[in-house]
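Content type PDB, C-alpha atoms and all ligand atoms, from the file input38.pdb:
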```pdb
MODEL        1
ATOM      1  CA  MET J   1      79.242  99.250 111.883  1.00  0.00           C
ATOM      2  CA  THR J   2      81.347 102.254 112.738  1.00  0.00           C
ATOM      3  CA  LYS J   3      80.254 105.747 111.883  1.00  0.00           C
ATOM      4  CA  ALA J   4      82.977 105.893 109.225  1.00  0.00           C
ATOM      5  CA  SER J   5      81.984 102.613 107.591  1.00  0.00           C
ATOM      6  CA  LEU J   6      78.320 103.597 107.648  1.00  0.00           C
ATOM      7  CA  PHE J   7      79.350 106.784 105.907  1.00  0.00           C
ATOM      8  CA  ALA J   8      81.328 104.792 103.330  1.00  0.00           C
ATOM      9  CA  ALA J   9      78.459 102.377 102.759  1.00  0.00           C
ATOM     10  CA  THR J  10      76.099 105.266 102.139  1.00  0.00           C
ATOM     11  CA  ALA J  11      78.542 106.816  99.703  1.00  0.00           C
ATOM     12  CA  ALA J  12      78.941 103.480  97.906  1.00  0.00           C
ATOM     13  CA  LEU J  13      75.202 103.297  97.410  1.00  0.00           C
ATOM     14  CA  LEU J  14      75.245 106.738  95.871  1.00  0.00           C
ATOM     15  CA  ILE J  15      78.131 105.823  93.585  1.00  0.00           C
ATOM     16  CA  THR J  16      76.278 102.823  92.206  1.00  0.00           C
ATOM     17  CA  SER J  17      73.288 105.037  91.479  1.00  0.00           C
ATOM     18  CA  ALA J  18      72.528 105.448  87.782  1.00  0.00           C
ATOM     19  CA  LEU J  19      71.758 109.137  88.129  1.00  0.00           C
ATOM     20  CA  ALA J  20      75.229 110.501  87.786  1.00  0.00           C
ATOM     21  CA  HIS J  21      78.160 110.901  85.422  1.00  0.00           C
ATOM     22  CA  GLY J  22      80.857 108.356  86.086  1.00  0.00           C
ATOM     23  CA  ASN J  23      83.244 106.689  88.482  1.00  0.00           C
ATOM     24  CA  ILE J  24      85.603 103.770  88.971  1.00  0.00           C
ATOM     25  CA  THR J  25      83.866 100.811  90.601  1.00  0.00           C
ATOM     26  CA  SER J  26      86.761  98.317  90.607  1.00  0.00           C
ATOM     27  CA  PRO J  27      89.334  98.068  92.152  1.00  0.00           C
ATOM     28  CA  ALA J  28      87.961  99.719  95.303  1.00  0.00           C
ATOM     29  CA  ALA J  29      88.217 103.470  94.842  1.00  0.00           C
ATOM     30  CA  ARG J  30      88.314 106.278  97.384  1.00  0.00           C
ATOM     31  CA  LEU J  31      85.016 107.284  98.934  1.00  0.00           C
ATOM     32  CA  PRO J  32      84.125 110.455 100.792  1.00  0.00           C
ATOM     33  CA  GLY J  33      83.989 110.300 104.562  1.00  0.00           C
ATOM     34  CA  PRO J  34      84.452 112.230 107.792  1.00  0.00           C
ATOM     35  CA  ALA J  35      88.072 113.188 106.995  1.00  0.00           C
ATOM     36  CA  MET J  36      86.965 114.747 103.716  1.00  0.00           C
ATOM     37  CA  LYS J  37      84.220 116.581 105.557  1.00  0.00           C
ATOM     38  CA  ALA J  38      86.792 117.924 108.012  1.00  0.00           C
ATOM     39  CA  ALA J  39      89.183 118.935 105.209  1.00  0.00           C
ATOM     40  CA  CYS J  40      86.774 120.248 102.603  1.00  0.00           C
ATOM     41  CA  GLY J  41      83.784 121.406 104.607  1.00  0.00           C
ATOM     42  CA  PRO J  42      80.121 120.454 104.901  1.00  0.00           C
ATOM     43  CA  ASP J  43      79.110 121.904 101.526  1.00  0.00           C
ATOM     44  CA  ALA J  44      81.653 119.743  99.701  1.00  0.00           C
ATOM     45  CA  ILE J  45      80.599 116.580 101.460  1.00  0.00           C
ATOM     46  CA  ALA J  46      76.932 117.362 100.838  1.00  0.00           C
ATOM     47  CA  ALA J  47      77.644 117.689  97.100  1.00  0.00           C
ATOM     48  CA  VAL J  48      79.462 114.370  96.801  1.00  0.00           C
ATOM     49  CA  GLN J  49      76.861 112.636  98.941  1.00  0.00           C
ATOM     50  CA  ALA J  50      74.082 113.957  96.740  1.00  0.00           C
ATOM     51  CA  ASP J  51      75.905 112.701  93.639  1.00  0.00           C
ATOM     52  CA  GLY J  52      78.747 110.258  94.186  1.00  0.00           C
ATOM     53  CA  THR J  53      80.061 110.881  90.665  1.00  0.00           C
ATOM     54  CA  THR J  54      79.757 114.641  90.575  1.00  0.00           C
ATOM     55  CA  PRO J  55      82.397 116.552  88.602  1.00  0.00           C
ATOM     56  CA  LEU J  56      84.936 118.323  90.737  1.00  0.00           C
ATOM     57  CA  GLU J  57      83.748 121.653  89.341  1.00  0.00           C
ATOM     58  CA  ASP J  58      80.510 121.085  91.252  1.00  0.00           C
ATOM     59  CA  VAL J  59      82.194 120.509  94.610  1.00  0.00           C
ATOM     60  CA  PRO J  60      81.813 123.748  96.590  1.00  0.00           C
ATOM     61  CA  THR J  61      85.012 124.912  98.219  1.00  0.00           C
ATOM     62  CA  THR J  62      83.326 127.130 100.761  1.00  0.00           C
ATOM     63  CA  GLY J  63      84.709 125.875 104.050  1.00  0.00           C
ATOM     64  CA  ALA J  64      87.685 124.102 102.446  1.00  0.00           C
ATOM     65  CA  GLY J  65      90.843 124.103 104.542  1.00  0.00           C
ATOM     66  CA  PRO J  66      94.483 123.761 103.449  1.00  0.00           C
ATOM     67  CA  ASN J  67      94.216 119.963 103.329  1.00  0.00           C
ATOM     68  CA  CYS J  68      91.393 120.014 100.793  1.00  0.00           C
ATOM     69  CA  ASN J  69      92.430 119.662  97.165  1.00  0.00           C
ATOM     70  CA  VAL J  70      89.501 118.835  94.928  1.00  0.00           C
ATOM     71  CA  GLY J  71      92.004 118.535  92.050  1.00  0.00           C
ATOM     72  CA  LEU J  72      93.316 115.301  93.583  1.00  0.00           C
ATOM     73  CA  CYS J  73      90.858 112.432  93.881  1.00  0.00           C
ATOM     74  CA  ARG J  74      88.093 115.076  93.917  1.00  0.00           C
ATOM     75  CA  GLY J  75      89.039 115.861  97.492  1.00  0.00           C
ATOM     76  CA  ALA J  76      88.592 112.310  98.816  1.00  0.00           C
ATOM     77  CA  GLN J  77      91.003 111.641 101.673  1.00  0.00           C
ATOM     78  CA  PHE J  78      93.177 108.613 102.383  1.00  0.00           C
ATOM     79  CA  ALA J  79      92.136 108.716 106.048  1.00  0.00           C
ATOM     80  CA  ASP J  80      88.619 107.697 105.020  1.00  0.00           C
ATOM     81  CA  ASN J  81      89.884 104.802 102.902  1.00  0.00           C
ATOM     82  CA  LYS J  82      92.499 102.945 104.924  1.00  0.00           C
ATOM     83  CA  ASP J  83      90.544  99.713 104.506  1.00  0.00           C
ATOM     84  CA  ARG J  84      90.310 100.086 100.723  1.00  0.00           C
ATOM     85  CA  VAL J  85      93.976  99.809  99.739  1.00  0.00           C
ATOM     86  CA  SER J  86      94.974  97.448  96.914  1.00  0.00           C
ATOM     87  CA  THR J  87      98.364  95.725  96.799  1.00  0.00           C
ATOM     88  CA  PHE J  88     100.006  95.520  93.390  1.00  0.00           C
ATOM     89  CA  THR J  89     103.161  93.956  91.994  1.00  0.00           C
ATOM     90  CA  ALA J  90     105.323  95.208  89.124  1.00  0.00           C
ATOM     91  CA  GLY J  91     104.030  93.904  85.839  1.00  0.00           C
ATOM     92  CA  GLN J  92     100.612  93.040  87.274  1.00  0.00           C
ATOM     93  CA  VAL J  93      97.705  93.627  84.937  1.00  0.00           C
ATOM     94  CA  VAL J  94      94.934  95.372  86.844  1.00  0.00           C
ATOM     95  CA  ASP J  95      91.435  95.132  85.450  1.00  0.00           C
ATOM     96  CA  MET J  96      89.490  98.332  86.025  1.00  0.00           C
ATOM     97  CA  LYS J  97      85.783  98.937  85.728  1.00  0.00           C
ATOM     98  CA  ALA J  98      84.071 102.287  85.285  1.00  0.00           C
ATOM     99  CA  ILE J  99      80.453 103.343  85.182  1.00  0.00           C
ATOM    100  CA  LEU J 100      79.519 106.105  82.750  1.00  0.00           C
ATOM    101  CA  PRO J 101      75.784 106.730  83.085  1.00  0.00           C
ATOM    102  CA  ILE J 102      76.161 110.211  81.600  1.00  0.00           C
ATOM    103  CA  PRO J 103      78.995 110.212  79.042  1.00  0.00           C
ATOM    104  CA  HIS J 104      80.739 113.417  77.967  1.00  0.00           C
ATOM    105  CA  GLU J 105      83.297 113.179  75.158  1.00  0.00           C
ATOM    106  CA  GLY J 106      86.846 114.110  76.063  1.00  0.00           C
ATOM    107  CA  PRO J 107      90.260 112.797  77.089  1.00  0.00           C
ATOM    108  CA  MET J 108      90.846 110.259  79.841  1.00  0.00           C
ATOM    109  CA  ASN J 109      93.921 108.824  81.463  1.00  0.00           C
ATOM    110  CA  VAL J 110      94.767 106.556  84.366  1.00  0.00           C
ATOM    111  CA  SER J 111      98.020 107.541  86.010  1.00  0.00           C
ATOM    112  CA  ILE J 112      99.965 106.948  89.182  1.00  0.00           C
ATOM    113  CA  VAL J 113      99.933 110.141  91.194  1.00  0.00           C
ATOM    114  CA  ASP J 114     102.124 111.103  94.133  1.00  0.00           C
ATOM    115  CA  THR J 115      99.520 112.338  96.595  1.00  0.00           C
ATOM    116  CA  LYS J 116     101.928 114.589  98.466  1.00  0.00           C
ATOM    117  CA  THR J 117     102.786 116.693  95.426  1.00  0.00           C
ATOM    118  CA  ASN J 118      99.866 115.830  93.111  1.00  0.00           C
ATOM    119  CA  THR J 119     102.331 115.003  90.339  1.00  0.00           C
ATOM    120  CA  LEU J 120     102.344 112.132  87.912  1.00  0.00           C
ATOM    121  CA  MET J 121     104.837 109.352  88.562  1.00  0.00           C
ATOM    122  CA  GLY J 122     105.735 108.342  85.060  1.00  0.00           C
ATOM    123  CA  PRO J 123     103.614 108.299  81.918  1.00  0.00           C
ATOM    124  CA  PRO J 124      99.912 107.416  81.984  1.00  0.00           C
ATOM    125  CA  LEU J 125      99.172 103.707  82.275  1.00  0.00           C
ATOM    126  CA  ILE J 126      96.351 104.112  79.790  1.00  0.00           C
ATOM    127  CA  GLU J 127      95.222 107.131  77.819  1.00  0.00           C
ATOM    128  CA  PHE J 128      92.256 107.932  75.581  1.00  0.00           C
ATOM    129  CA  GLU J 129      92.168 111.000  73.364  1.00  0.00           C
ATOM    130  CA  SER J 130      88.441 110.559  73.027  1.00  0.00           C
ATOM    131  CA  TYR J 131      86.515 108.822  75.782  1.00  0.00           C
ATOM    132  CA  ALA J 132      82.867 108.580  76.769  1.00  0.00           C
ATOM    133  CA  ASP J 133      81.574 109.995  73.499  1.00  0.00           C
ATOM    134  CA  GLU J 134      77.864 110.607  73.974  1.00  0.00           C
ATOM    135  CA  ASN J 135      77.454 110.881  70.182  1.00  0.00           C
ATOM    136  CA  LEU J 136      78.111 107.162  69.768  1.00  0.00           C
ATOM    137  CA  ALA J 137      75.111 104.851  69.800  1.00  0.00           C
ATOM    138  CA  VAL J 138      77.008 102.512  72.102  1.00  0.00           C
ATOM    139  CA  LEU J 139      80.158 103.302  74.050  1.00  0.00           C
ATOM    140  CA  PRO J 140      83.149 101.103  73.170  1.00  0.00           C
ATOM    141  CA  ALA J 141      83.492  98.260  75.682  1.00  0.00           C
ATOM    142  CA  ASN J 142      86.930  99.506  76.694  1.00  0.00           C
ATOM    143  CA  ASN J 143      85.413 102.693  78.105  1.00  0.00           C
ATOM    144  CA  THR J 144      83.941 100.808  81.046  1.00  0.00           C
ATOM    145  CA  ALA J 145      86.265  97.782  81.280  1.00  0.00           C
ATOM    146  CA  PHE J 146      89.971  98.212  80.617  1.00  0.00           C
ATOM    147  CA  SER J 147      93.272  97.041  82.001  1.00  0.00           C
ATOM    148  CA  VAL J 148      96.443  98.777  83.046  1.00  0.00           C
ATOM    149  CA  LYS J 149      99.873  97.301  83.706  1.00  0.00           C
ATOM    150  CA  VAL J 150     101.580  98.240  86.959  1.00  0.00           C
ATOM    151  CA  PRO J 151     105.075  99.539  86.168  1.00  0.00           C
ATOM    152  CA  ALA J 152     108.225  98.553  87.978  1.00  0.00           C
ATOM    153  CA  MET J 153     109.199 101.185  90.512  1.00  0.00           C
ATOM    154  CA  PRO J 154     112.321 101.911  92.498  1.00  0.00           C
ATOM    155  CA  ALA J 155     112.292 100.241  95.915  1.00  0.00           C
ATOM    156  CA  GLY J 156     110.298 102.257  98.411  1.00  0.00           C
ATOM    157  CA  MET J 157     108.192 104.107  95.877  1.00  0.00           C
ATOM    158  CA  CYS J 158     104.486 103.651  96.622  1.00  0.00           C
ATOM    159  CA  ALA J 159     105.474 101.324  99.466  1.00  0.00           C
ATOM    160  CA  VAL J 160     103.341 103.095 102.068  1.00  0.00           C
ATOM    161  CA  ALA J 161      99.556 103.299 101.843  1.00  0.00           C
ATOM    162  CA  GLY J 162      98.373 106.816 101.068  1.00  0.00           C
ATOM    163  CA  GLN J 163     101.547 107.758  99.207  1.00  0.00           C
ATOM    164  CA  CYS J 164     100.298 106.865  95.723  1.00  0.00           C
ATOM    165  CA  VAL J 165      96.994 106.517  93.971  1.00  0.00           C
ATOM    166  CA  MET J 166      96.042 105.153  90.601  1.00  0.00           C
ATOM    167  CA  GLN J 167      93.881 108.047  89.434  1.00  0.00           C
ATOM    168  CA  TRP J 168      91.248 107.887  86.698  1.00  0.00           C
ATOM    169  CA  HIS J 169      91.005 111.389  85.268  1.00  0.00           C
ATOM    170  CA  TRP J 170      88.442 112.217  82.621  1.00  0.00           C
ATOM    171  CA  VAL J 171      87.525 115.602  81.167  1.00  0.00           C
ATOM    172  CA  GLY J 172      84.239 116.169  79.393  1.00  0.00           C
ATOM    173  CA  THR J 173      85.468 118.790  76.950  1.00  0.00           C
ATOM    174  CA  ALA J 174      82.162 120.341  75.886  1.00  0.00           C
ATOM    175  CA  ALA J 175      80.590 119.712  79.282  1.00  0.00           C
ATOM    176  CA  GLN J 176      83.570 121.451  80.930  1.00  0.00           C
ATOM    177  CA  GLN J 177      83.507 118.859  83.673  1.00  0.00           C
ATOM    178  CA  THR J 178      86.344 116.907  85.253  1.00  0.00           C
ATOM    179  CA  TYR J 179      85.901 113.531  86.889  1.00  0.00           C
ATOM    180  CA  GLN J 180      88.393 111.834  89.172  1.00  0.00           C
ATOM    181  CA  SER J 181      88.359 108.510  90.928  1.00  0.00           C
ATOM    182  CA  CYS J 182      91.329 107.174  92.869  1.00  0.00           C
ATOM    183  CA  VAL J 183      92.477 103.667  93.741  1.00  0.00           C
ATOM    184  CA  ASP J 184      94.728 103.664  96.806  1.00  0.00           C
ATOM    185  CA  PHE J 185      97.469 101.076  96.486  1.00  0.00           C
ATOM    186  CA  VAL J 186     100.824  99.913  97.750  1.00  0.00           C
ATOM    187  CA  MET J 187     103.497  97.989  95.903  1.00  0.00           C
ATOM    188  CA  ALA J 188     104.105  94.578  97.445  1.00  0.00           C
ATOM    189  CA  PRO J 189     107.614  94.388  98.889  1.00  0.00           C
ATOM    190  CA  ALA J 190     109.949  92.347  96.675  1.00  0.00           C
ATOM    191  CA  GLY J 191     109.919  88.709  97.754  1.00  0.00           C
ATOM    192  CA  ALA J 192     106.956  89.201 100.066  1.00  0.00           C
ATOM    193  CA  ALA J 193     104.826  86.169 100.762  1.00  0.00           C
ATOM    194  CA  GLY J 194     102.060  86.078  98.229  1.00  0.00           C
ATOM    195  CA  ALA J 195     103.840  88.464  95.889  1.00  0.00           C
ATOM    196  CA  ALA J 196     103.847  87.409  92.290  1.00  0.00           C
ATOM    197  CA  PRO J 197     107.225  86.226  90.998  1.00  0.00           C
ATOM    198  CA  PRO J 198     109.044  88.871  88.968  1.00  0.00           C
ATOM    199  CA  ALA J 199     107.980  88.982  85.360  1.00  0.00           C
ATOM    200  CA  ALA J 200     110.456  87.605  82.840  1.00  0.00           C
ATOM    201  CA  ALA J 201     110.796  91.004  81.206  1.00  0.00           C
ATOM    202  CA  PRO J 202     109.615  93.646  83.672  1.00  0.00           C
ATOM    203  CA  PRO J 203     108.815  97.060  82.275  1.00  0.00           C
ATOM    204  CA  ALA J 204     111.514  99.705  82.575  1.00  0.00           C
ATOM    205  CA  PRO J 205     111.459 101.412  85.969  1.00  0.00           C
ATOM    206  CA  ILE J 206     109.673 104.703  86.015  1.00  0.00           C
ATOM    207  CA  ALA J 207     111.357 107.806  87.304  1.00  0.00           C
ATOM    208  CA  PRO J 208     109.556 110.532  89.223  1.00  0.00           C
ATOM    209  CA  LYS J 209     108.826 113.528  87.075  1.00  0.00           C
ATOM    210  CA  PRO J 210     109.489 117.113  88.105  1.00  0.00           C
ATOM    211  CA  PRO J 211     106.403 118.842  89.489  1.00  0.00           C
ATOM    212  CA  VAL J 212     104.507 119.982  86.439  1.00  0.00           C
ATOM    213  CA  ALA J 213     100.786 120.436  86.024  1.00  0.00           C
ATOM    214  CA  PRO J 214      99.913 116.751  85.865  1.00  0.00           C
ATOM    215  CA  VAL J 215      96.583 116.880  84.164  1.00  0.00           C
ATOM    216  CA  ARG J 216      94.176 119.319  82.690  1.00  0.00           C
ATOM    217  CA  PHE J 217      91.877 120.782  85.264  1.00  0.00           C
ATOM    218  CA  MET J 218      89.061 123.096  84.470  1.00  0.00           C
ATOM    219  CA  PHE J 219      90.066 124.918  87.611  1.00  0.00           C
ATOM    220  CA  GLU J 220      92.362 124.423  90.538  1.00  0.00           C
ATOM    221  CA  VAL J 221      91.977 125.061  94.205  1.00  0.00           C
ATOM    222  CA  ARG J 222      94.873 126.564  96.082  1.00  0.00           C
TER     223      ARG J 222
HETATM  224 CU    CU Y   1      78.212 115.104  83.647  1.00  0.00          CU
ENDMDL
END
```

Representation of the structure as structure tokens:
Amino acid sequence: MTKASLFAATAALLITSALAHGNITSPAARLPGPAMKAACGPDAIAAVQADGTTPLEDVPTTGAGPNCNVGLCRGAQFADNKDRVSTFTAGQVVDMKAILPIPHEGPMNVSIVDTKTNTLMGPPLIEFESYADENLAVLPANNTAFSVKVPAMPAGMCAVAGQCVMQWHWVGTAAQQTYQSCVDFVMAPAGAAGAAPPAAAPPAPIAPKPPVAPVRFMFEVR
């Protein structure tokens, strides 16, 4: 086991712990690792190792360099997750699973984000106005198991691993906490072996949006 994979395995254990707030458990989501430590500093990595589902507000930015952005995937880096990249096809329905051991009511969305600019690529794939409401006796089943449909994209968009993530973004309004979990993915090339045949009625292609504040952050790191 390499140092990096040992690191990832340790982080995975923490993420499956029931002591924390929430995270995406399927498809494989970004984990912290040595590249995040290099980018964001030892205090940041210590915080996410102590609690694999910590809100990004609780990730210290002391020691963060220019490549650390805790407002994107809570600072997790693609370089630590090259072996955790999903391949999707247009129209594919992706089943997602989340754990929410400590719910906090607030909005949630899953969106495709351009990692270079931290901007949304098209509208959210799924959106909740009210998610993870701790006042409910039982959380609705769709809070922890839901599906999104992969949109059709212009050729070349999200074709390279690391370019795009499917980001789960949840804000606990009263808790004033923001949670992010990112699925790295690439779009299968059209006609690639193993690619699903095109859907009969594929969704309309999405167009990149101008760089606007993609999501509500409680704070941002520059
Ligand atoms: Cu919390």

- Message: At a cut-off of 8 Å, using only C-alpha atoms, what residues contact region 133-148 of chain J? Leave out same-chain residues fewer than 2 positions from it and give the result as a PyMOL selection string.
- Response: chain J and resi 93-100+102-106+125-126+130-131+150

So that I have them on file, write out the residues from the current selection with C-alpha atoms, as an mmCIF file, in the frame of the given file.
```cif
data_model
loop_
_atom_site.group_PDB
_atom_site.id
_atom_site.type_symbol
_atom_site.label_atom_id
_atom_site.label_comp_id
_atom_site.auth_asym_id
_atom_site.auth_seq_id
_atom_site.Cartn_x
_atom_site.Cartn_y
_atom_site.Cartn_z
ATOM 1 C CA VAL J 93 97.705 93.627 84.937
ATOM 2 C CA VAL J 94 94.934 95.372 86.844
ATOM 3 C CA ASP J 95 91.435 95.132 85.450
ATOM 4 C CA MET J 96 89.490 98.332 86.025
ATOM 5 C CA LYS J 97 85.783 98.937 85.728
ATOM 6 C CA ALA J 98 84.071 102.287 85.285
ATOM 7 C CA ILE J 99 80.453 103.343 85.182
ATOM 8 C CA LEU J 100 79.519 106.105 82.750
ATOM 9 C CA ILE J 102 76.161 110.211 81.600
ATOM 10 C CA PRO J 103 78.995 110.212 79.042
ATOM 11 C CA HIS J 104 80.739 113.417 77.967
ATOM 12 C CA GLU J 105 83.297 113.179 75.158
ATOM 13 C CA GLY J 106 86.846 114.110 76.063
ATOM 14 C CA LEU J 125 99.172 103.707 82.275
ATOM 15 C CA ILE J 126 96.351 104.112 79.790
ATOM 16 C CA SER J 130 88.441 110.559 73.027
ATOM 17 C CA TYR J 131 86.515 108.822 75.782
ATOM 18 C CA VAL J 150 101.580 98.240 86.959
#
```

- Check which residues satisfy the PyMOL selection byres (((chain J and resi 161) around 10) and not hetatm) in the file shown, then give them as a PyMOL selection string. chain J and resi 78+81-82+84-87+158-160+162-165+184-187

Near Thr61 (chain J), counting only C-alpha atoms, which residues have an atom at most 9 Å away, once you skip same-chain residues fewer than 2 positions from it, shown as a tab-separated table (two decimals) with C-alpha atoms, keeping the file's coordinate frame?
```
chain	number	residue	atom	x	y	z
J	40	CYS	CA	86.77	120.25	102.60
J	41	GLY	CA	83.78	121.41	104.61
J	43	ASP	CA	79.11	121.90	101.53
J	44	ALA	CA	81.65	119.74	99.70
J	59	VAL	CA	82.19	120.51	94.61
J	63	GLY	CA	84.71	125.88	104.05
J	64	ALA	CA	87.68	124.10	102.45
J	65	GLY	CA	90.84	124.10	104.54
J	68	CYS	CA	91.39	120.01	100.79
J	70	VAL	CA	89.50	118.84	94.93
J	221	VAL	CA	91.98	125.06	94.20
```

What are the closest atom pairs, with distances in Å to one decimal, for all residues of chain J lying within 8 Å of ligand CU 1 (chain Y)? Consider only C-alpha atoms and all ligand atoms, order rows by chain and residue number, and present the result as CSV.
```
residue,atom,partner,partner_atom,distance
J:Ala20,CA,Y:CU1,CU,6.9
J:His21,CA,Y:CU1,CU,4.6
J:Gly22,CA,Y:CU1,CU,7.6
J:Thr54,CA,Y:CU1,CU,7.1
J:Pro55,CA,Y:CU1,CU,6.6
J:Ile102,CA,Y:CU1,CU,5.7
J:Pro103,CA,Y:CU1,CU,6.8
J:His104,CA,Y:CU1,CU,6.4
J:Gly172,CA,Y:CU1,CU,7.5
J:Ala175,CA,Y:CU1,CU,6.8
J:Gln177,CA,Y:CU1,CU,6.5
```

Got time to write the residues from that selection, C-alpha atoms, as an mmCIF file, keeping the file's coordinate frame?
```cif
data_model
loop_
_atom_site.group_PDB
_atom_site.id
_atom_site.type_symbol
_atom_site.label_atom_id
_atom_site.label_comp_id
_atom_site.auth_asym_id
_atom_site.auth_seq_id
_atom_site.Cartn_x
_atom_site.Cartn_y
_atom_site.Cartn_z
ATOM 1 C CA ALA J 20 75.229 110.501 87.786
ATOM 2 C CA HIS J 21 78.160 110.901 85.422
ATOM 3 C CA GLY J 22 80.857 108.356 86.086
ATOM 4 C CA THR J 54 79.757 114.641 90.575
ATOM 5 C CA PRO J 55 82.397 116.552 88.602
ATOM 6 C CA ILE J 102 76.161 110.211 81.600
ATOM 7 C CA PRO J 103 78.995 110.212 79.042
ATOM 8 C CA HIS J 104 80.739 113.417 77.967
ATOM 9 C CA GLY J 172 84.239 116.169 79.393
ATOM 10 C CA ALA J 175 80.590 119.712 79.282
ATOM 11 C CA GLN J 177 83.507 118.859 83.673
#
```

Any chance you could work out the axis-aligned box around region 83-88 of chain J, listed atoms only, 6 Å on each side, giving centre and edge lengths in Å to one decimal, as JSON?
```
{"center_x": 95.2, "center_y": 97.8, "center_z": 98.9, "size_x": 21.7, "size_y": 16.6, "size_z": 23.1}
```

- Hits from the PyMOL selection byres (((chain J and resi 45) around 9) and not hetatm), listed as a PyMOL selection string: chain J and resi 32-34+36-37+40-44+46-50+59-60

- Message: Restricting the calculation to all atoms listed in the file: of J:Thr25, J:Thr53, J:Asn67, J:Thr89, which residue gets closest to Ala152 (chain J)?
- Response: J:Thr89

- Query: Of the candidates J:Ile206, J:Met157, J:Ala190, J:Val183, which shows the shortest atom-to-atom distance to Gly122 (chain J), using only C-alpha atoms?
  - Reply: J:Ile206

Would you kindly translate the PyMOL selection byres (((chain J and resi 181) around 10) and not hetatm) into the concrete residues it picks from this file, as a compact mmCIF listing (two decimals) with C-alpha atoms, keeping the file's coordinate frame?
```
# COMPACT_ATOMS: atom_id res chain seq x y z
CA GLY J 22 80.86 108.36 86.09
CA ASN J 23 83.24 106.69 88.48
CA ILE J 24 85.60 103.77 88.97
CA THR J 25 83.87 100.81 90.60
CA ALA J 28 87.96 99.72 95.30
CA ALA J 29 88.22 103.47 94.84
CA ARG J 30 88.31 106.28 97.38
CA LEU J 31 85.02 107.28 98.93
CA THR J 53 80.06 110.88 90.66
CA LEU J 72 93.32 115.30 93.58
CA CYS J 73 90.86 112.43 93.88
CA ARG J 74 88.09 115.08 93.92
CA GLY J 75 89.04 115.86 97.49
CA ALA J 76 88.59 112.31 98.82
CA ALA J 98 84.07 102.29 85.28
CA VAL J 110 94.77 106.56 84.37
CA VAL J 165 96.99 106.52 93.97
CA MET J 166 96.04 105.15 90.60
CA GLN J 167 93.88 108.05 89.43
CA TRP J 168 91.25 107.89 86.70
CA HIS J 169 91.00 111.39 85.27
CA TRP J 170 88.44 112.22 82.62
CA TYR J 179 85.90 113.53 86.89
CA GLN J 180 88.39 111.83 89.17
CA CYS J 182 91.33 107.17 92.87
CA VAL J 183 92.48 103.67 93.74
CA ASP J 184 94.73 103.66 96.81
```

- By how many Å are CA of Asp80 (chain J) and CA of Pro107 (chain J) apart?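 Taking CA of Asp80 (chain J) as the start and CA of Pro107 (chain J) as the end point, the length is 28.4 Å.
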
- Task: One decimal, Å: what's the distance from CA of Thr173 (chain J) over to CA of Thr62 (chain J), could you say?
- Result: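 CA of Thr62 (chain J) lies at a distance of 25.3 Å from CA of Thr173 (chain J).
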